[in-house]
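Only one structure is covered here, and it is reproduced in the block below.
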Amino acid sequence: MRLLLSNAFLSIVSNAADPATLIVRAHRARDIETVFGNGFEVVTLPGRIYPFRAFIPRRVVADTIAVQLFHINYGKFKDSVADATLYDVYARVCDVMADLQDVATRGSVPRNGFRSL
């Protein structure tokens with residue numbers, strides 16, 4: 001699962017060695033701590049796609065993400081992202097994800113493969 005949060009980008013996967021925990025991964029130093037606090041050791045593995053990792057109990061991950069959902073207070077996600085670098089990356093992700101749509105977005109010319117309305 002990939003989570004694009006207002007203040008961090010995380011990837012969360014199962015932990016084959018311990019089903020009670022999840023591996024929370026990040027591209028940037030401090031993103032894991034930003035979301036989960038300083039109570040978990042973050043391991044750095046240089047050269048990996050996600051060099052920062054923490055092994056966090058499933059319940060803690062679920063509860064923390066639930067709190068994030070509960071506190072959504074924005075009408076437009078991009079407006080909630082204060083970090084300029086994170087904002088720019090999310091804007092590019094949004095552009096790429098638009099390729100999943102069956103029809104072109106408003107005001108754009110349909111790309112090859114889009115069905116006619």
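Note on naming: chains are A, B, ... as they come in the structure tokens, residues start from 1 per chain, ligands start from 1 in the order shown.
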
>> Which residues are close to Leu4 in chain A, i.e. within 12 Å by only C-alpha atoms, leaving aside same-chain residues fewer than 6 positions away? Reply as a PyMOL selection string.
In response: chain A and resi 10-12+26+31+35+65+68-69+77-78+80-81+86-87+89-91+93-94

> Counting only C-alpha atoms, what is within 10 Å of Arg30 in chain A, bar same-chain residues fewer than 6 positions away, as an NGL selection string?
Replying inline: :A and (8 or 36-38 or 42 or 52)

Keeping only N, CA and C atoms, take the residues you just selected and write them out as a compact mmCIF listing (two decimals), in the first residue's frame.
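Wrote it out as out.txt, contents follow:
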# COMPACT_ATOMS: atom_id res chain seq x y z
N ALA A 8 3.93 13.31 4.28
CA ALA A 8 4.84 12.18 4.10
C ALA A 8 4.32 11.24 3.01
N PHE A 36 4.56 8.26 12.46
CA PHE A 36 4.46 7.31 13.56
C PHE A 36 5.20 7.74 14.84
N GLY A 37 5.84 8.89 14.82
CA GLY A 37 6.58 9.34 15.99
C GLY A 37 7.96 8.69 16.07
N ASN A 38 8.64 8.95 17.16
CA ASN A 38 10.01 8.46 17.33
C ASN A 38 10.10 7.16 18.11
N VAL A 42 14.11 3.25 12.99
CA VAL A 42 14.10 3.34 11.53
C VAL A 42 15.47 2.89 11.05
N PHE A 52 14.58 3.81 3.86
CA PHE A 52 14.23 3.95 5.27
C PHE A 52 13.09 3.00 5.60

>> Going by DSSP on the backbone, which residues of range 9-109 of chain A come out as helix (DSSP H, G or I)? List them as number ranges by chain.
In response: A: 31-36, 58-70, 77-80, 84-100

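Backbone DSSP over chain A yields strand (DSSP E or B) at Arg2, Leu3, Leu4, Phe9, Leu10, Ser11, Ile12, Val13, Ser14, Thr21, Leu22, Ile23, Val24, Arg25, Ala26, Val43, Thr44, Phe52, Arg53, Ala54, Phe55, Ile56 and Pro57 of chain A.
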
I need the chosen residues saved as an mmCIF file, in the first residue's frame, with N, CA and C atoms.
data_model
loop_
_atom_site.group_PDB
_atom_site.id
_atom_site.type_symbol
_atom_site.label_atom_id
_atom_site.label_comp_id
_atom_site.auth_asym_id
_atom_site.auth_seq_id
_atom_site.Cartn_x
_atom_site.Cartn_y
_atom_site.Cartn_z
ATOM 1 N N ARG A 2 0.578 2.135 -0.875
ATOM 2 C CA ARG A 2 1.297 3.412 -0.878
ATOM 3 C C ARG A 2 0.377 4.483 -0.334
ATOM 4 N N LEU A 3 0.903 5.297 0.551
ATOM 5 C CA LEU A 3 0.119 6.363 1.171
ATOM 6 C C LEU A 3 0.734 7.711 0.838
ATOM 7 N N LEU A 4 -0.055 8.529 0.173
ATOM 8 C CA LEU A 4 0.343 9.901 -0.100
ATOM 9 C C LEU A 4 -0.354 10.759 0.942
ATOM 10 N N PHE A 9 5.263 10.534 2.385
ATOM 11 C CA PHE A 9 4.917 9.477 1.440
ATOM 12 C C PHE A 9 5.469 8.176 2.000
ATOM 13 N N LEU A 10 4.601 7.170 2.140
ATOM 14 C CA LEU A 10 5.004 5.891 2.717
ATOM 15 C C LEU A 10 4.571 4.732 1.837
ATOM 16 N N SER A 11 5.311 3.643 1.927
ATOM 17 C CA SER A 11 4.924 2.372 1.336
ATOM 18 C C SER A 11 4.854 1.372 2.485
ATOM 19 N N ILE A 12 3.760 0.618 2.545
ATOM 20 C CA ILE A 12 3.567 -0.330 3.648
ATOM 21 C C ILE A 12 3.332 -1.713 3.060
ATOM 22 N N VAL A 13 4.146 -2.676 3.509
ATOM 23 C CA VAL A 13 4.046 -4.046 3.017
ATOM 24 C C VAL A 13 4.066 -5.020 4.193
ATOM 25 N N SER A 14 3.676 -6.262 3.904
ATOM 26 C CA SER A 14 3.682 -7.281 4.954
ATOM 27 C C SER A 14 5.119 -7.651 5.313
ATOM 28 N N THR A 21 3.615 -7.709 12.365
ATOM 29 C CA THR A 21 4.130 -6.380 12.046
ATOM 30 C C THR A 21 4.043 -6.110 10.552
ATOM 31 N N LEU A 22 4.087 -4.838 10.219
ATOM 32 C CA LEU A 22 4.172 -4.399 8.833
ATOM 33 C C LEU A 22 5.492 -3.663 8.654
ATOM 34 N N ILE A 23 6.004 -3.683 7.433
ATOM 35 C CA ILE A 23 7.209 -2.924 7.132
ATOM 36 C C ILE A 23 6.757 -1.601 6.521
ATOM 37 N N VAL A 24 7.056 -0.530 7.220
ATOM 38 C CA VAL A 24 6.726 0.810 6.737
ATOM 39 C C VAL A 24 7.999 1.359 6.109
ATOM 40 N N ARG A 25 7.902 1.737 4.826
ATOM 41 C CA ARG A 25 9.085 2.157 4.081
ATOM 42 C C ARG A 25 8.921 3.600 3.600
ATOM 43 N N ALA A 26 10.045 4.275 3.412
ATOM 44 C CA ALA A 26 10.002 5.665 2.952
ATOM 45 C C ALA A 26 11.213 5.975 2.083
ATOM 46 N N VAL A 43 15.464 1.844 10.226
ATOM 47 C CA VAL A 43 16.686 1.271 9.676
ATOM 48 C C VAL A 43 16.952 1.924 8.324
ATOM 49 N N THR A 44 18.206 2.251 8.060
ATOM 50 C CA THR A 44 18.590 2.825 6.770
ATOM 51 C C THR A 44 19.322 1.765 5.960
ATOM 52 N N PHE A 52 14.580 3.815 3.859
ATOM 53 C CA PHE A 52 14.229 3.951 5.275
ATOM 54 C C PHE A 52 13.085 3.004 5.597
ATOM 55 N N ARG A 53 13.239 2.203 6.659
ATOM 56 C CA ARG A 53 12.253 1.181 7.006
ATOM 57 C C ARG A 53 12.086 1.068 8.509
ATOM 58 N N ALA A 54 10.854 0.758 8.895
ATOM 59 C CA ALA A 54 10.566 0.476 10.304
ATOM 60 C C ALA A 54 9.610 -0.704 10.353
ATOM 61 N N PHE A 55 9.747 -1.511 11.384
ATOM 62 C CA PHE A 55 8.885 -2.672 11.591
ATOM 63 C C PHE A 55 7.912 -2.300 12.703
ATOM 64 N N ILE A 56 6.651 -2.108 12.316
ATOM 65 C CA ILE A 56 5.666 -1.537 13.235
ATOM 66 C C ILE A 56 4.482 -2.494 13.361
ATOM 67 N N PRO A 57 3.989 -2.723 14.582
ATOM 68 C CA PRO A 57 2.833 -3.611 14.750
ATOM 69 C C PRO A 57 1.651 -3.187 13.868
#

> Could you work out how far CA of Ala62 in chain A lies from CA of Leu5 in chain A, giving the answer in Å with one decimal?
Replying inline: 14.5 Å

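Reported to one decimal place, the separation of CA of Pro51 in chain A from CA of His27 in chain A is 6.0 Å.
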
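Of the residues listed (A:Ala29, A:Val103, A:Val61, A:Ala82), A:Ala82 shows the shortest atom-to-atom separation from Ser6 in chain A; distances use only C-alpha atoms.
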